[in-house]
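Engineer: Sharing input.tsv (TSV, C-alpha atoms) below.
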chain	number	residue	atom	x	y	z
A	863	MET	CA	132.11	125.38	137.90
A	864	ALA	CA	134.05	125.08	134.66
A	865	VAL	CA	131.88	122.10	133.68
A	866	ALA	CA	128.68	124.08	134.28
A	867	ARG	CA	130.04	126.92	132.13
A	868	GLN	CA	130.97	124.47	129.36
A	869	LEU	CA	127.49	122.94	129.45
A	870	ARG	CA	125.86	126.40	129.27
A	871	GLU	CA	128.09	127.37	126.34
A	872	ARG	CA	127.32	124.14	124.48
A	873	SER	CA	123.63	124.65	125.14
A	874	ALA	CA	123.76	128.14	123.65
A	875	GLU	CA	125.73	126.84	120.65
A	876	THR	CA	123.22	124.05	120.15
A	877	LEU	CA	120.31	126.52	120.15
A	878	ALA	CA	121.99	129.07	117.86
A	879	PRO	CA	120.78	127.61	114.52
A	880	TRP	CA	117.19	128.28	115.62
A	881	ASP	CA	117.97	131.70	117.12
A	882	ILE	CA	116.54	130.43	120.41
A	883	THR	CA	117.79	131.31	123.87
A	884	PRO	CA	117.54	129.00	126.88
A	885	ALA	CA	114.69	131.21	128.18
A	886	HIS	CA	112.83	130.81	124.88
A	887	LEU	CA	113.33	127.06	125.03
A	888	ARG	CA	112.00	126.84	128.59
A	889	ALA	CA	108.82	128.67	127.55
A	890	LEU	CA	108.39	126.59	124.40
A	891	ARG	CA	108.86	123.36	126.35
A	892	ALA	CA	106.38	124.45	129.05
A	893	LEU	CA	103.76	125.28	126.44
A	894	ALA	CA	104.34	122.02	124.58
A	895	ARG	CA	104.15	120.00	127.78
A	896	HIS	CA	101.18	121.72	129.43
A	897	GLY	CA	99.23	122.97	126.43
A	898	THR	CA	97.67	126.33	125.77
A	899	MET	CA	97.91	128.67	128.72
A	900	ARG	CA	97.45	132.29	129.55
A	901	LEU	CA	100.47	134.52	129.73
A	902	SER	CA	100.04	134.90	133.49
A	903	GLU	CA	100.09	131.10	133.91
A	904	LEU	CA	103.24	130.81	131.80
A	905	SER	CA	104.86	133.52	133.88
A	906	ASP	CA	103.96	131.69	137.09
A	907	ARG	CA	105.06	128.30	135.76
A	908	LEU	CA	108.45	129.65	134.66
A	909	GLN	CA	108.78	131.81	137.78
A	910	ILE	CA	109.56	134.92	135.76
A	911	ALA	CA	108.10	138.42	135.78
A	912	PRO	CA	105.01	138.92	133.59
A	913	ARG	CA	106.89	141.50	131.52
A	914	THR	CA	109.69	139.01	130.89
A	915	ALA	CA	107.15	136.36	129.87
A	916	THR	CA	105.66	138.86	127.42
A	917	GLU	CA	109.09	139.52	125.91
A	918	VAL	CA	109.81	135.79	125.58
A	919	VAL	CA	106.43	135.12	123.95
A	920	ASP	CA	106.88	138.09	121.62
A	921	ALA	CA	110.23	136.65	120.48
A	922	LEU	CA	108.74	133.19	119.97
A	923	GLN	CA	105.75	134.63	118.13
A	924	ALA	CA	108.05	136.63	115.82
A	925	ARG	CA	109.65	133.29	114.84
A	926	ASP	CA	106.20	131.69	114.33
A	927	LEU	CA	106.90	129.19	117.14
A	928	VAL	CA	103.88	130.20	119.22
A	929	ARG	CA	100.70	132.16	118.62
A	930	ARG	CA	98.33	134.10	120.74
A	931	ARG	CA	94.76	132.99	120.44
A	932	ALA	CA	91.40	134.22	121.59
A	933	ASP	CA	90.48	133.09	125.06
A	934	PRO	CA	87.18	133.98	126.73
A	935	GLY	CA	88.91	134.86	129.99
A	936	ASP	CA	92.13	136.39	128.69
A	937	ARG	CA	93.03	137.55	125.19
A	938	ARG	CA	96.63	136.49	125.79
A	939	ALA	CA	96.33	132.72	125.66
A	940	ILE	CA	99.45	131.22	124.07
A	941	GLN	CA	99.87	127.97	122.17
A	942	VAL	CA	102.68	126.28	120.26
A	943	THR	CA	102.39	126.37	116.47
A	944	GLU	CA	103.06	123.42	114.20
A	945	ARG	CA	106.38	125.03	113.30
A	946	GLY	CA	107.14	125.42	117.01
A	947	SER	CA	106.50	121.72	117.61
A	948	GLY	CA	108.82	120.84	114.74
A	949	VAL	CA	111.59	123.12	115.95
A	950	LEU	CA	111.24	121.72	119.46
A	951	ALA	CA	111.60	118.17	118.11
A	952	GLU	CA	114.71	119.19	116.15
A	953	ILE	CA	116.21	120.84	119.24
A	954	ARG	CA	115.49	117.77	121.36
A	955	ALA	CA	117.24	115.52	118.83
A	956	THR	CA	120.24	117.82	118.56
A	957	ARG	CA	120.54	118.25	122.32
A	958	GLY	CA	120.17	114.50	122.81
A	959	ALA	CA	123.07	113.88	120.45
A	960	GLU	CA	125.14	116.54	122.21
A	961	ALA	CA	124.35	115.01	125.61
A	962	GLY	CA	125.40	111.63	124.24
A	963	ARG	CA	128.77	113.06	123.20
A	964	THR	CA	129.23	114.87	126.51
A	965	PHE	CA	128.14	112.13	128.88
A	966	GLY	CA	129.20	109.24	126.67
A	967	ARG	CA	132.67	109.63	128.12
A	968	LEU	CA	131.29	108.34	131.42
A	969	SER	CA	130.75	104.68	132.14
A	970	PRO	CA	127.18	103.51	132.78
A	971	GLY	CA	127.97	103.39	136.51
A	972	GLU	CA	129.36	106.92	136.48
A	973	ARG	CA	126.30	108.22	134.61
A	974	ALA	CA	124.02	106.55	137.17
A	975	GLU	CA	126.04	108.06	140.03
A	976	LEU	CA	125.94	111.51	138.42
A	977	ALA	CA	122.17	111.23	137.95
A	978	ARG	CA	121.77	110.19	141.59
A	979	ILE	CA	123.88	113.12	142.84
A	980	LEU	CA	122.13	115.68	140.62
A	981	SER	CA	118.74	114.37	141.69
A	982	LYS	CA	119.75	114.70	145.32
A	983	LEU	CA	120.93	118.27	144.78
A	984	ARG	CA	117.76	119.19	142.89
A	985	ASN	CA	115.48	117.98	145.67
For this file, produce the structure as structure tokens.
Structural biologist:
Amino acid sequence: MAVARQLRERSAETLAPWDITPAHLRALRALARHGTMRLSELSDRLQIAPRTATEVVDALQARDLVRRRADPGDRRAIQVTERGSGVLAEIRATRGAEAGRTFGRLSPGERAELARILSKLRN
């Protein structure tokens, strides 16, 4: 479990320059991947309580990473802003470099084996 803790700590450190938490990143990534969605859909997709989704979106909106927009069926439709897309791209690049440093210590065969094991555990 020490490795999992180290990875969580590095993840938090990586996100710190953008004042983003892992929960914020999950929401931002979901919105970027699936497009504009209502708050209830985001809550369902992330499997979090609606109130928690509201808090996450409020935090992202305060940083101009997402915006609420008019929606005929629900006034709470959320979409990623241009700034949010840029920040997400920066985070992906930074996390990719960090993953390279972390997993670069493994041989290609070890990385493939780790990916296989993690995939098996996930499913």
Engineer: Using all atoms listed in the file, which residue out of A:Ser947, A:Ser981, A:Gln868, A:Thr916 lies closest to Ser902 of chain A?
Structural biologist: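 Nearest candidate to Ser902 of chain A out of A:Ser947, A:Ser981, A:Gln868, A:Thr916: A:Thr916.
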Engineer: Here's a test: counting all atoms listed in the file, identify every protein, DNA and RNA residue with an atom at most 12 Å from (110.6, 131.5, 135.3) in the file's coordinate frame, and state them as a short mmCIF file (atom, residue, chain, number, x, y, z; two decimals) with C-alpha atoms, keeping the file's coordinate frame.
Structural biologist:
data_model
loop_
_atom_site.label_atom_id
_atom_site.label_comp_id
_atom_site.auth_asym_id
_atom_site.auth_seq_id
_atom_site.Cartn_x
_atom_site.Cartn_y
_atom_site.Cartn_z
CA PRO A 884 117.54 129.00 126.88
CA ALA A 885 114.69 131.21 128.18
CA HIS A 886 112.83 130.81 124.88
CA LEU A 887 113.33 127.06 125.03
CA ARG A 888 112.00 126.84 128.59
CA ALA A 889 108.82 128.67 127.55
CA ALA A 892 106.38 124.45 129.05
CA LEU A 901 100.47 134.52 129.73
CA SER A 902 100.04 134.90 133.49
CA GLU A 903 100.09 131.10 133.91
CA LEU A 904 103.24 130.81 131.80
CA SER A 905 104.86 133.52 133.88
CA ASP A 906 103.96 131.69 137.09
CA ARG A 907 105.06 128.30 135.76
CA LEU A 908 108.45 129.65 134.66
CA GLN A 909 108.78 131.81 137.78
CA ILE A 910 109.56 134.92 135.76
CA ALA A 911 108.10 138.42 135.78
CA PRO A 912 105.01 138.92 133.59
CA ARG A 913 106.89 141.50 131.52
CA THR A 914 109.69 139.01 130.89
CA ALA A 915 107.15 136.36 129.87
CA THR A 916 105.66 138.86 127.42
CA VAL A 918 109.81 135.79 125.58
#
Engineer: In Å, how far is it from atom CA of Trp880 of chain A to atom CA of Glu952 of chain A?
Structural biologist: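 Rounded to one decimal, the two atoms are 9.4 Å apart.
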Engineer: Taking all atoms listed in the file into account, which of A:Ala961, A:Leu976, A:Val928, A:Ala921 comes nearest Asp881 of chain A?
Structural biologist: A:Ala921
Engineer: Could you jot down the atom CA of Leu968 of chain A to atom CA of Arg954 of chain A separation for me, Å, one decimal place?
Structural biologist: 21.0 Å
Engineer: Would you compute the distance between atom CA of Asp933 of chain A and atom CA of Met899 of chain A? Give it in Å to one decimal.
Structural biologist: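 Computing the Euclidean distance for atom CA of Asp933 of chain A and atom CA of Met899 of chain A yields 9.4 Å.
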Engineer: Between A:Ala878, A:Ile940, A:Ala974, A:Ala951, which residue has the minimum interatomic distance to His896 of chain A, considering all atoms listed in the file?
Structural biologist: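 Checking each of A:Ala878, A:Ile940, A:Ala974, A:Ala951 against His896 of chain A, counting all atoms listed in the file, the winner is A:Ile940.
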Engineer: Within 9 Å of Gln941 of chain A, counting only C-alpha atoms, which residues show up once you throw out same-chain ones fewer than 4 positions away? Write them as a ChimeraX atom specification, please.
Structural biologist: /A:890,893-894,897-900,927-931
Engineer: Which residue gives the smallest distance to Gly948 of chain A among A:Glu917, A:Arg891, A:Pro970, A:Arg963, with all atoms listed in the file counted?
Structural biologist: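 Looking at the shortest contact to Gly948 of chain A, the residue is A:Arg891.
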Engineer: Between A:Ala874, A:Ile882, A:Leu980, A:Leu922, single out the one closest to Val942 of chain A, counting only C-alpha atoms.
Structural biologist: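 For Val942 of chain A, the nearest of the candidates is A:Leu922.
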Engineer: With distances taken over only C-alpha atoms, which residue among A:Arg938, A:Arg945, A:Arg895, A:Ala955 lies nearest Arg925 of chain A?
Structural biologist: A:Arg945
